[in-house]
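Worksheet: one structure, shown below.
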2 protein chains.
Amino acid sequence: MAYAQRTSGMRASAIRALFAVANRPEVVSLAGGMPYLSSLPLEALAADVAEMVRADGQVALQYGSGQGIPELREQICQVMSLEGIDAHPDDVVVTVGSQMALDLTTRIFCDPGDVILAEAPSYVGALGTFAAYQANVVHVEMDHDGLVPEALEAAIDACRRAGRRIKFLYTIPNFHNPAGVTMALERRPVIAELCRRAGIAILEDNPYGLLGFDDVTYRAIRADDSENVVYLGSFSKTFAPGLRVGWVLAPHAVREKLVLANESALLNPPVFNQMMISRYLSGFDWLSQIKTYQQLYLERRDVMLEALEDHLPDGTTWTRPAGGFYVWVTLPEGFDTAAMLPRAVTARVAYVPGTAFYADGLGSRQMRLSYCYPTPSRIEEGVRRLAGVIDGELDVMRTFGTGAQAARALRGPSSPSPDTA
Amino acid sequence: MAYAQRTSGMRASAIRALFAVANRPEVVSLAGGMPYLSSLPLEALAADVAEMVRADGQVALQYGSGQGIPELREQICQVMSLEGIDAHPDDVVVTVGSQMALDLTTRIFCDPGDVILAEAPSYVGALGTFAAYQANVVHVEMDHDGLVPEALEAAIDACRRAGRRIKFLYTIPNFHNPAGVTMALERRPVIAELCRRAGIAILEDNPYGLLGFDDVTYRAIRADDSENVVYLGSFSKTFAPGLRVGWVLAPHAVREKLVLANESALLNPPVFNQMMISRYLSGFDWLSQIKTYQQLYLERRDVMLEALEDHLPDGTTWTRPAGGFYVWVTLPEGFDTAAMLPRAVTARVAYVPGTAFYADGLGSRQMRLSYCYPTPSRIEEGVRRLAGVIDGELDVMRTFGTGAQAARALRGPSSPSPDTA
């Protein structure tokens, strides 16, 4: 059978097979982005969904609107108001997770060859989606205050000079996946202004915004720019990912296209799931649940940072996330984290190699570690095992040189999997 | 903002606004394809989903596999065995409704300008998806035994001579939406052989296959061709659409691409919904529920056919479906069902104009009537109102000529909505 051209870019990553092994219970996985759901009030949720089926089963189990149910879209506006966003439910489109929002946004904006600007590094799932639409990612430098405005300006200029058409800037301003940094508040209006002037939309992806550790909720870029920002949100991290409910807030004309694209893709997002979330937001103390998550992840972050301090060799650096799930580790010159992964899995610890988060092959000295799912003692044990593998590599490198050659087969962009989401 | 080229083909249909009116309770809608869910055992389903959340909530609410959960894929193979299909769960991909299966299949196969062969008429939602990927639909004649093999052969030859590349034949063999006909069993191997010889895959879309009225389950095309057929199935009509669970069964190489495309689009279909369906299939008498649906829809079909016989004027013809949801009505020469729709809605009855089911502007004398959702007495009343509108049109036409000019604004392919699904 003859496939579409775009299909040639869809390749199973070589690390997928490894992750199958990494999911064994004896392996400490610092790779996945799975929320820790044990703190959810399952008994009360069970009673609530039963009540929903009894009272509204015929609506919950029926087809619905391509834009999403109105009650939930209103509640989503309340959730976003925590980040300073003043939005109307008419401008919200409910999607099957915010991954689908990424897919639909790329679908309506990008022709093959169009450029998307994205942080270096960037979310692996977004890179996979951009590749599926044959868009080209140009990475823009970050520092510990997030995306660097001067680097953004330079990237825009360089694309212009090369005659390349930029469609949007894709950014994760808060508790970045994978970099673990947050865009400084004072940079946000600067970046918004740069993009407006250049006629480039901003795709603001904010799944972790409410999961900060310092009792601060950062003001969204969208809060000060309703015309040029397409905002993506999700209940996967603040509630649970298994219902796959996310959303887009977009300027009116964009929203209309997104609804048509949503209908073309799947008719409507599942009504059942939307009603469950809507009932959760109105009937449960969801803000307390978010506080519980914050405490849980804060404790785990601290354990991980302390373990890194205790066990990792000199010359290794890492970020200190103020929220979210991820720490971004940079190993000394000469390391290749993709090449090292099989040895790490043999030592019963897993991570995601840095190259997964770049469209251009960079990131070979980096790795993403997540602290969201394993218990604190497992995190400590995982970092200890990882340190052992790194020390072993250092010994080998002193003897034989770097492992870069061995890594070629493991590199390159690939479709995301829930393990790396 | 500058959209992708494909986005220019995404237009809200002029009939959408009318359907908003048509959803008012005083209007008898013969337009929608919504299953009649009143016969579902809601009390037992409520208890079951509560039990699921209590016992397996942390799995149901977590991320999952891009291919779908193994238990459900095994059960799907059992469902398909009713149609003579011998399949392995490894070759099944769970999707967010079979609409998403259509989207993913088109995504991996079709470049802009590729040709898809489809019955004339064809499912409006498929036409919308094909248009979103900028594929060109070439319609192939049907008769009361479904797709005509000679017409298929001629269409393949004509495309070949014109240098056009055909990617697949899209067909709904059983209880066709919208045509209400079924592909004769003896035609199926002939059509399969024609496609194999021409190197064209078959996309067999079968949401209604188990909803036949004559206690016959038709053998799927896929049952006799596992190499060249991509088969789409759905729980939307045999159970309920609100969970959005469908599937694709595909040859191994295609299945691999579909999983990557599914992950790129939405990471994974909701685990919660898959587990609900899996529990439904193992814990409930789902075959009896299907029998209940068959009886329900058979009664409504009979009421509709009798009402059409009683009320529609001479020169009007319609199909007699042996299953499924739809009757396809052809009005006398000179009618324009799109132009007539506003008057029908004013008379408190709605249908879908025939042009929605053609990519090429044909179908102006046709309309699709569905009998799945309204009660028998409402169906009778709806047809009576429709007949009044048609009689009124006949009077006008005798006086002023045809209404074709007025219809232009209402024509053309458009994104599907649940109203027309």
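Simple scheme: letters A, B, ... for chains in structure tokens order, numbers from 1 for residues in each chain, numbers from 1 for ligands in the order shown.
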
Give me the chain B side of the contact with chain A, cut-off 6 Å, one line per residue showing its nearest atom pair and distance in Å at one decimal, counting only C-alpha atoms, sorted by chain and residue number, as JSON lines.
{"residue": "B:Tyr3", "atom": "CA", "partner": "A:Phe109", "partner_atom": "CA", "distance": 4.3}
{"residue": "B:Ala4", "atom": "CA", "partner": "A:Phe109", "partner_atom": "CA", "distance": 4.6}
{"residue": "B:Thr7", "atom": "CA", "partner": "A:Ile108", "partner_atom": "CA", "distance": 5.3}
{"residue": "B:Leu42", "atom": "CA", "partner": "A:Arg54", "partner_atom": "CA", "distance": 6.0}
{"residue": "B:Glu43", "atom": "CA", "partner": "A:Arg54", "partner_atom": "CA", "distance": 5.9}
{"residue": "B:Ala46", "atom": "CA", "partner": "A:Ala50", "partner_atom": "CA", "distance": 4.2}
{"residue": "B:Ala50", "atom": "CA", "partner": "A:Ala46", "partner_atom": "CA", "distance": 4.2}
{"residue": "B:Val53", "atom": "CA", "partner": "A:Ala46", "partner_atom": "CA", "distance": 5.2}
{"residue": "B:Arg54", "atom": "CA", "partner": "A:Glu43", "partner_atom": "CA", "distance": 5.9}
{"residue": "B:Ala60", "atom": "CA", "partner": "A:Gly242", "partner_atom": "CA", "distance": 5.8}
{"residue": "B:Leu61", "atom": "CA", "partner": "A:Gly242", "partner_atom": "CA", "distance": 3.7}
{"residue": "B:Gln62", "atom": "CA", "partner": "A:Gly242", "partner_atom": "CA", "distance": 4.3}
{"residue": "B:Tyr63", "atom": "CA", "partner": "A:Gly242", "partner_atom": "CA", "distance": 5.3}
{"residue": "B:Gln99", "atom": "CA", "partner": "A:Leu266", "partner_atom": "CA", "distance": 4.9}
{"residue": "B:Met100", "atom": "CA", "partner": "A:Leu266", "partner_atom": "CA", "distance": 4.8}
{"residue": "B:Asp103", "atom": "CA", "partner": "A:Ala265", "partner_atom": "CA", "distance": 5.5}
{"residue": "B:Ile108", "atom": "CA", "partner": "A:Thr7", "partner_atom": "CA", "distance": 5.4}
{"residue": "B:Phe109", "atom": "CA", "partner": "A:Tyr3", "partner_atom": "CA", "distance": 4.3}
{"residue": "B:Cys110", "atom": "CA", "partner": "A:Ala4", "partner_atom": "CA", "distance": 4.8}
{"residue": "B:Asp111", "atom": "CA", "partner": "A:Ala4", "partner_atom": "CA", "distance": 5.0}
{"residue": "B:Gly128", "atom": "CA", "partner": "A:Ser264", "partner_atom": "CA", "distance": 5.9}
{"residue": "B:Thr129", "atom": "CA", "partner": "A:Ser264", "partner_atom": "CA", "distance": 5.2}
{"residue": "B:Ala240", "atom": "CA", "partner": "A:Leu61", "partner_atom": "CA", "distance": 5.6}
{"residue": "B:Pro241", "atom": "CA", "partner": "A:Gln62", "partner_atom": "CA", "distance": 5.3}
{"residue": "B:Gly242", "atom": "CA", "partner": "A:Leu61", "partner_atom": "CA", "distance": 3.7}
{"residue": "B:Leu243", "atom": "CA", "partner": "A:Pro270", "partner_atom": "CA", "distance": 5.3}
{"residue": "B:Arg244", "atom": "CA", "partner": "A:Pro270", "partner_atom": "CA", "distance": 5.5}
{"residue": "B:Leu260", "atom": "CA", "partner": "A:Ser415", "partner_atom": "CA", "distance": 6.0}
{"residue": "B:Ser264", "atom": "CA", "partner": "A:Thr129", "partner_atom": "CA", "distance": 5.2}
{"residue": "B:Ala265", "atom": "CA", "partner": "A:Met100", "partner_atom": "CA", "distance": 5.4}
{"residue": "B:Leu266", "atom": "CA", "partner": "A:Met100", "partner_atom": "CA", "distance": 4.8}
{"residue": "B:Pro270", "atom": "CA", "partner": "A:Leu243", "partner_atom": "CA", "distance": 5.3}
{"residue": "B:Val271", "atom": "CA", "partner": "A:Gly242", "partner_atom": "CA", "distance": 5.3}
{"residue": "B:Phe272", "atom": "CA", "partner": "A:Gly242", "partner_atom": "CA", "distance": 5.7}
{"residue": "B:Ser415", "atom": "CA", "partner": "A:Ser264", "partner_atom": "CA", "distance": 5.7}

Keeping C-alpha atoms for every residue in the selection just given, could you write it to a file as an mmCIF file, in the first residue's frame?
data_model
loop_
_atom_site.group_PDB
_atom_site.id
_atom_site.type_symbol
_atom_site.label_atom_id
_atom_site.label_comp_id
_atom_site.auth_asym_id
_atom_site.auth_seq_id
_atom_site.Cartn_x
_atom_site.Cartn_y
_atom_site.Cartn_z
ATOM 1 C CA TYR B 3 -4.191 29.324 8.031
ATOM 2 C CA ALA B 4 -3.051 26.146 6.300
ATOM 3 C CA THR B 7 -8.317 24.979 6.303
ATOM 4 C CA LEU B 42 -28.968 2.613 33.047
ATOM 5 C CA GLU B 43 -29.396 1.403 36.630
ATOM 6 C CA ALA B 46 -24.494 3.032 36.926
ATOM 7 C CA ALA B 50 -19.128 2.785 40.156
ATOM 8 C CA VAL B 53 -13.975 3.271 39.685
ATOM 9 C CA ARG B 54 -13.776 1.628 43.128
ATOM 10 C CA ALA B 60 -9.116 3.822 34.463
ATOM 11 C CA LEU B 61 -8.116 7.414 35.222
ATOM 12 C CA GLN B 62 -4.478 7.079 34.124
ATOM 13 C CA TYR B 63 -2.726 7.378 30.745
ATOM 14 C CA GLN B 99 -14.828 8.916 12.923
ATOM 15 C CA MET B 100 -11.311 9.160 14.361
ATOM 16 C CA ASP B 103 -9.352 10.524 10.189
ATOM 17 C CA ILE B 108 -1.652 7.932 6.803
ATOM 18 C CA PHE B 109 -2.782 7.202 3.233
ATOM 19 C CA CYS B 110 -3.685 10.445 1.484
ATOM 20 C CA ASP B 111 -1.620 13.271 0.083
ATOM 21 C CA GLY B 128 -15.713 16.030 5.426
ATOM 22 C CA THR B 129 -12.646 14.132 6.618
ATOM 23 C CA ALA B 240 -23.870 4.064 22.877
ATOM 24 C CA PRO B 241 -22.051 6.907 21.104
ATOM 25 C CA GLY B 242 -21.315 9.068 24.179
ATOM 26 C CA LEU B 243 -18.212 7.075 25.068
ATOM 27 C CA ARG B 244 -16.729 7.567 21.579
ATOM 28 C CA LEU B 260 1.774 6.144 15.742
ATOM 29 C CA SER B 264 0.543 11.798 17.666
ATOM 30 C CA ALA B 265 -3.100 12.936 17.620
ATOM 31 C CA LEU B 266 -4.144 12.261 21.227
ATOM 32 C CA PRO B 270 -9.495 7.379 27.066
ATOM 33 C CA VAL B 271 -8.802 4.327 29.227
ATOM 34 C CA PHE B 272 -11.909 4.980 31.321
ATOM 35 C CA SER B 415 -17.841 19.423 8.068
#

Within range 316-415 of chain B, find each residue whose DSSP state, derived from the backbone, is alpha helix (DSSP H), and express the selection as an MDAnalysis selection string. chainID B and resid 337:346 376:400

Serialized selection, C-alpha atoms, as a PDB file, in the first residue's frame:
ATOM      1  CA  THR B 337     -34.262  19.575  -1.187  1.00  0.00           C
ATOM      2  CA  ALA B 338     -31.660  22.073   0.095  1.00  0.00           C
ATOM      3  CA  ALA B 339     -33.816  24.989  -1.051  1.00  0.00           C
ATOM      4  CA  MET B 340     -36.858  23.340   0.487  1.00  0.00           C
ATOM      5  CA  LEU B 341     -35.319  22.753   3.924  1.00  0.00           C
ATOM      6  CA  PRO B 342     -36.132  26.160   5.449  1.00  0.00           C
ATOM      7  CA  ARG B 343     -39.763  25.656   4.530  1.00  0.00           C
ATOM      8  CA  ALA B 344     -39.694  22.162   6.020  1.00  0.00           C
ATOM      9  CA  VAL B 345     -38.267  23.473   9.278  1.00  0.00           C
ATOM     10  CA  THR B 346     -40.982  26.138   9.305  1.00  0.00           C
ATOM     11  CA  PRO B 376     -43.217   5.891  15.876  1.00  0.00           C
ATOM     12  CA  SER B 377     -46.027   8.424  16.279  1.00  0.00           C
ATOM     13  CA  ARG B 378     -43.592  11.297  15.763  1.00  0.00           C
ATOM     14  CA  ILE B 379     -42.200   9.596  12.657  1.00  0.00           C
ATOM     15  CA  GLU B 380     -45.713   9.321  11.247  1.00  0.00           C
ATOM     16  CA  GLU B 381     -46.388  12.976  12.087  1.00  0.00           C
ATOM     17  CA  GLY B 382     -43.021  14.062  10.642  1.00  0.00           C
ATOM     18  CA  VAL B 383     -43.636  12.327   7.327  1.00  0.00           C
ATOM     19  CA  ARG B 384     -47.122  13.831   7.181  1.00  0.00           C
ATOM     20  CA  ARG B 385     -45.656  17.327   7.645  1.00  0.00           C
ATOM     21  CA  LEU B 386     -42.969  16.614   5.084  1.00  0.00           C
ATOM     22  CA  ALA B 387     -45.580  15.502   2.580  1.00  0.00           C
ATOM     23  CA  GLY B 388     -47.403  18.796   3.142  1.00  0.00           C
ATOM     24  CA  VAL B 389     -44.233  20.730   2.361  1.00  0.00           C
ATOM     25  CA  ILE B 390     -43.594  18.675  -0.770  1.00  0.00           C
ATOM     26  CA  ASP B 391     -47.171  19.174  -1.954  1.00  0.00           C
ATOM     27  CA  GLY B 392     -46.774  22.909  -1.378  1.00  0.00           C
ATOM     28  CA  GLU B 393     -43.556  22.893  -3.428  1.00  0.00           C
ATOM     29  CA  LEU B 394     -45.325  21.054  -6.231  1.00  0.00           C
ATOM     30  CA  ASP B 395     -47.957  23.806  -6.307  1.00  0.00           C
ATOM     31  CA  VAL B 396     -45.278  26.501  -6.420  1.00  0.00           C
ATOM     32  CA  MET B 397     -43.329  24.678  -9.122  1.00  0.00           C
ATOM     33  CA  ARG B 398     -46.413  24.351 -11.281  1.00  0.00           C
ATOM     34  CA  THR B 399     -46.781  28.141 -10.986  1.00  0.00           C
ATOM     35  CA  PHE B 400     -43.193  29.474 -10.956  1.00  0.00           C
TER      36      PHE B 400
END

Computed interatomic separation between CA of Tyr358 in chain B and CA of Ala322 in chain B (Å): 22.7 Å

Residues at most 10 Å from Gly363 in chain A, counting only C-alpha atoms, excluding those fewer than 5 positions away in the same chain, as an NGL selection string? :A and (120-121 or 330 or 336-338 or 353-358 or 411)

Save out the residues we just selected, C-alpha atoms, as a PDB file, in the first residue's frame.
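Final output, saved to out.pdb:
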ATOM      1  CA  ALA A 120      15.043  24.290  23.136  1.00  0.00           C
ATOM      2  CA  PRO A 121      14.222  21.692  24.383  1.00  0.00           C
ATOM      3  CA  THR A 330      22.978  17.948  31.820  1.00  0.00           C
ATOM      4  CA  ASP A 336      25.431  10.344  25.288  1.00  0.00           C
ATOM      5  CA  THR A 337      22.271   9.698  27.263  1.00  0.00           C
ATOM      6  CA  ALA A 338      20.589   7.780  24.430  1.00  0.00           C
ATOM      7  CA  PRO A 353      17.163  10.883  26.695  1.00  0.00           C
ATOM      8  CA  GLY A 354      17.458  14.572  25.831  1.00  0.00           C
ATOM      9  CA  THR A 355      17.435  14.059  22.061  1.00  0.00           C
ATOM     10  CA  ALA A 356      13.716  13.187  22.271  1.00  0.00           C
ATOM     11  CA  PHE A 357      13.020  16.843  23.063  1.00  0.00           C
ATOM     12  CA  TYR A 358      14.808  18.359  20.091  1.00  0.00           C
ATOM     13  CA  ARG A 411      18.286   9.195  17.991  1.00  0.00           C
TER      14      ARG A 411
END

Which is closest to Pro321 in chain B among B:Tyr293, B:Phe213, B:Tyr170, B:Tyr123, if we use only C-alpha atoms?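 Of the candidates, the smallest distance to Pro321 in chain B is held by B:Phe213.
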
Excluding same-chain residues fewer than 4 positions from Pro70 in chain A, what lies within 12 Å of it counting only C-alpha atoms, as a ChimeraX atom specification? /A:64-66,74-77,88-94,271,274-275,278

For Met183 in chain B, the nearest of the candidates B:Tyr280, B:Tyr373, B:Tyr218, B:Phe335, counting only C-alpha atoms: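 Closest to Met183 in chain B of all the choices is B:Tyr218.
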
Expected answer as a list in words: strand (DSSP E or B) residues in range 144-300 of chain A: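 Across range 144-300 of chain A, those assigned strand (DSSP E or B) are Gly146, Leu147, Ile166, Lys167, Phe168, Leu169, Tyr170, Thr171, Ala201, Ile202, Leu203, Glu204, Asp205, Gly212, Val229, Val230, Tyr231, Leu232, Gly233, Ser234, Gly246, Trp247, Val248 and Leu249 of chain A.
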
Please save N, CA and C atoms of the selected residues as a PDB file, in the first residue's frame.
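Done, and the output landed in result-v7.pdb:
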ATOM      1  N   GLY A 146      13.382  30.925  31.412  1.00  0.00           N
ATOM      2  CA  GLY A 146      12.561  30.523  30.271  1.00  0.00           C
ATOM      3  C   GLY A 146      13.081  31.074  28.951  1.00  0.00           C
ATOM      4  N   LEU A 147      12.190  31.116  27.980  1.00  0.00           N
ATOM      5  CA  LEU A 147      12.537  31.554  26.630  1.00  0.00           C
ATOM      6  C   LEU A 147      13.237  32.924  26.677  1.00  0.00           C
ATOM      7  N   ILE A 166       6.932  31.597   9.272  1.00  0.00           N
ATOM      8  CA  ILE A 166       6.693  31.153  10.651  1.00  0.00           C
ATOM      9  C   ILE A 166       5.198  31.203  10.935  1.00  0.00           C
ATOM     10  N   LYS A 167       4.643  30.113  11.478  1.00  0.00           N
ATOM     11  CA  LYS A 167       3.226  30.117  11.799  1.00  0.00           C
ATOM     12  C   LYS A 167       2.936  30.456  13.255  1.00  0.00           C
ATOM     13  N   PHE A 168       3.681  29.904  14.167  1.00  0.00           N
ATOM     14  CA  PHE A 168       3.465  30.313  15.562  1.00  0.00           C
ATOM     15  C   PHE A 168       4.664  29.959  16.429  1.00  0.00           C
ATOM     16  N   LEU A 169       4.682  30.597  17.597  1.00  0.00           N
ATOM     17  CA  LEU A 169       5.629  30.244  18.653  1.00  0.00           C
ATOM     18  C   LEU A 169       4.916  29.277  19.580  1.00  0.00           C
ATOM     19  N   TYR A 170       5.478  28.094  19.771  1.00  0.00           N
ATOM     20  CA  TYR A 170       4.938  27.136  20.721  1.00  0.00           C
ATOM     21  C   TYR A 170       5.725  27.256  22.022  1.00  0.00           C
ATOM     22  N   THR A 171       5.047  27.560  23.107  1.00  0.00           N
ATOM     23  CA  THR A 171       5.759  27.736  24.377  1.00  0.00           C
ATOM     24  C   THR A 171       4.997  27.102  25.541  1.00  0.00           C
ATOM     25  N   ALA A 201       1.428  34.040  15.710  1.00  0.00           N
ATOM     26  CA  ALA A 201       0.580  33.679  16.847  1.00  0.00           C
ATOM     27  C   ALA A 201       1.423  32.997  17.931  1.00  0.00           C
ATOM     28  N   ILE A 202       0.914  33.006  19.152  1.00  0.00           N
ATOM     29  CA  ILE A 202       1.544  32.258  20.248  1.00  0.00           C
ATOM     30  C   ILE A 202       0.631  31.100  20.623  1.00  0.00           C
ATOM     31  N   LEU A 203       1.218  29.915  20.700  1.00  0.00           N
ATOM     32  CA  LEU A 203       0.493  28.748  21.193  1.00  0.00           C
ATOM     33  C   LEU A 203       1.008  28.494  22.609  1.00  0.00           C
ATOM     34  N   GLU A 204       0.193  28.904  23.589  1.00  0.00           N
ATOM     35  CA  GLU A 204       0.598  28.830  25.003  1.00  0.00           C
ATOM     36  C   GLU A 204       0.062  27.538  25.605  1.00  0.00           C
ATOM     37  N   ASP A 205       0.960  26.611  25.888  1.00  0.00           N
ATOM     38  CA  ASP A 205       0.570  25.283  26.375  1.00  0.00           C
ATOM     39  C   ASP A 205       0.812  25.242  27.887  1.00  0.00           C
ATOM     40  N   GLY A 212       2.150  24.782  40.856  1.00  0.00           N
ATOM     41  CA  GLY A 212       3.345  25.439  41.386  1.00  0.00           C
ATOM     42  C   GLY A 212       3.542  25.127  42.863  1.00  0.00           C
ATOM     43  N   VAL A 229      -3.083  35.030  20.982  1.00  0.00           N
ATOM     44  CA  VAL A 229      -2.669  33.848  21.726  1.00  0.00           C
ATOM     45  C   VAL A 229      -3.738  32.759  21.632  1.00  0.00           C
ATOM     46  N   VAL A 230      -3.301  31.558  21.306  1.00  0.00           N
ATOM     47  CA  VAL A 230      -4.143  30.368  21.400  1.00  0.00           C
ATOM     48  C   VAL A 230      -3.653  29.606  22.630  1.00  0.00           C
ATOM     49  N   TYR A 231      -4.545  29.435  23.599  1.00  0.00           N
ATOM     50  CA  TYR A 231      -4.161  28.886  24.903  1.00  0.00           C
ATOM     51  C   TYR A 231      -4.660  27.444  25.037  1.00  0.00           C
ATOM     52  N   LEU A 232      -3.794  26.552  25.487  1.00  0.00           N
ATOM     53  CA  LEU A 232      -4.182  25.153  25.690  1.00  0.00           C
ATOM     54  C   LEU A 232      -4.174  24.795  27.174  1.00  0.00           C
ATOM     55  N   GLY A 233      -5.239  24.165  27.621  1.00  0.00           N
ATOM     56  CA  GLY A 233      -5.311  23.710  29.009  1.00  0.00           C
ATOM     57  C   GLY A 233      -5.704  22.250  29.081  1.00  0.00           C
ATOM     58  N   SER A 234      -5.613  21.682  30.276  1.00  0.00           N
ATOM     59  CA  SER A 234      -5.842  20.248  30.433  1.00  0.00           C
ATOM     60  C   SER A 234      -6.275  19.919  31.849  1.00  0.00           C
ATOM     61  N   GLY A 246      -9.154  18.038  27.587  1.00  0.00           N
ATOM     62  CA  GLY A 246      -8.375  19.263  27.558  1.00  0.00           C
ATOM     63  C   GLY A 246      -9.186  20.324  26.844  1.00  0.00           C
ATOM     64  N   TRP A 247      -8.580  21.472  26.585  1.00  0.00           N
ATOM     65  CA  TRP A 247      -9.322  22.511  25.886  1.00  0.00           C
ATOM     66  C   TRP A 247      -8.393  23.491  25.179  1.00  0.00           C
ATOM     67  N   VAL A 248      -8.980  24.257  24.258  1.00  0.00           N
ATOM     68  CA  VAL A 248      -8.323  25.389  23.609  1.00  0.00           C
ATOM     69  C   VAL A 248      -9.178  26.611  23.868  1.00  0.00           C
ATOM     70  N   LEU A 249      -8.513  27.715  24.194  1.00  0.00           N
ATOM     71  CA  LEU A 249      -9.156  29.031  24.197  1.00  0.00           C
ATOM     72  C   LEU A 249      -8.519  29.796  23.050  1.00  0.00           C
TER      73      LEU A 249
END

Any idea what's packed within 12 Å of Asp215 in chain B, counting only C-alpha atoms, ignoring anything in its chain fewer than 4 positions away? Could you give it as a PyMOL selection string? chain B and resi 209-211+290-291+294-295+298+322-323

My list of candidates is B:Ala192, B:Ile116, B:Ala184, B:Ile69. Which is closest to His139 in chain B when distances are computed with only C-alpha atoms?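 For His139 in chain B, the nearest of the given residues is B:Ile116.
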
From the set A:Met367, A:Ile277, A:Leu362, A:Ile85, which residue has the shortest atom-to-atom contact distance to Asp225 in chain A, counting only C-alpha atoms?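 Among the listed residues, A:Ile85 lies closest to Asp225 in chain A.
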
Could you please determine the separation between CA of Val115 in chain B and CA of Asn136 in chain B in Å, to one decimal place?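 Spanning CA of Val115 in chain B to CA of Asn136 in chain B is a straight-line distance of 4.8 Å.
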
Distance CA of Ile191 in chain A-CA of Thr317 in chain A, one decimal place?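 Distance between the two atoms: 27.2 Å.
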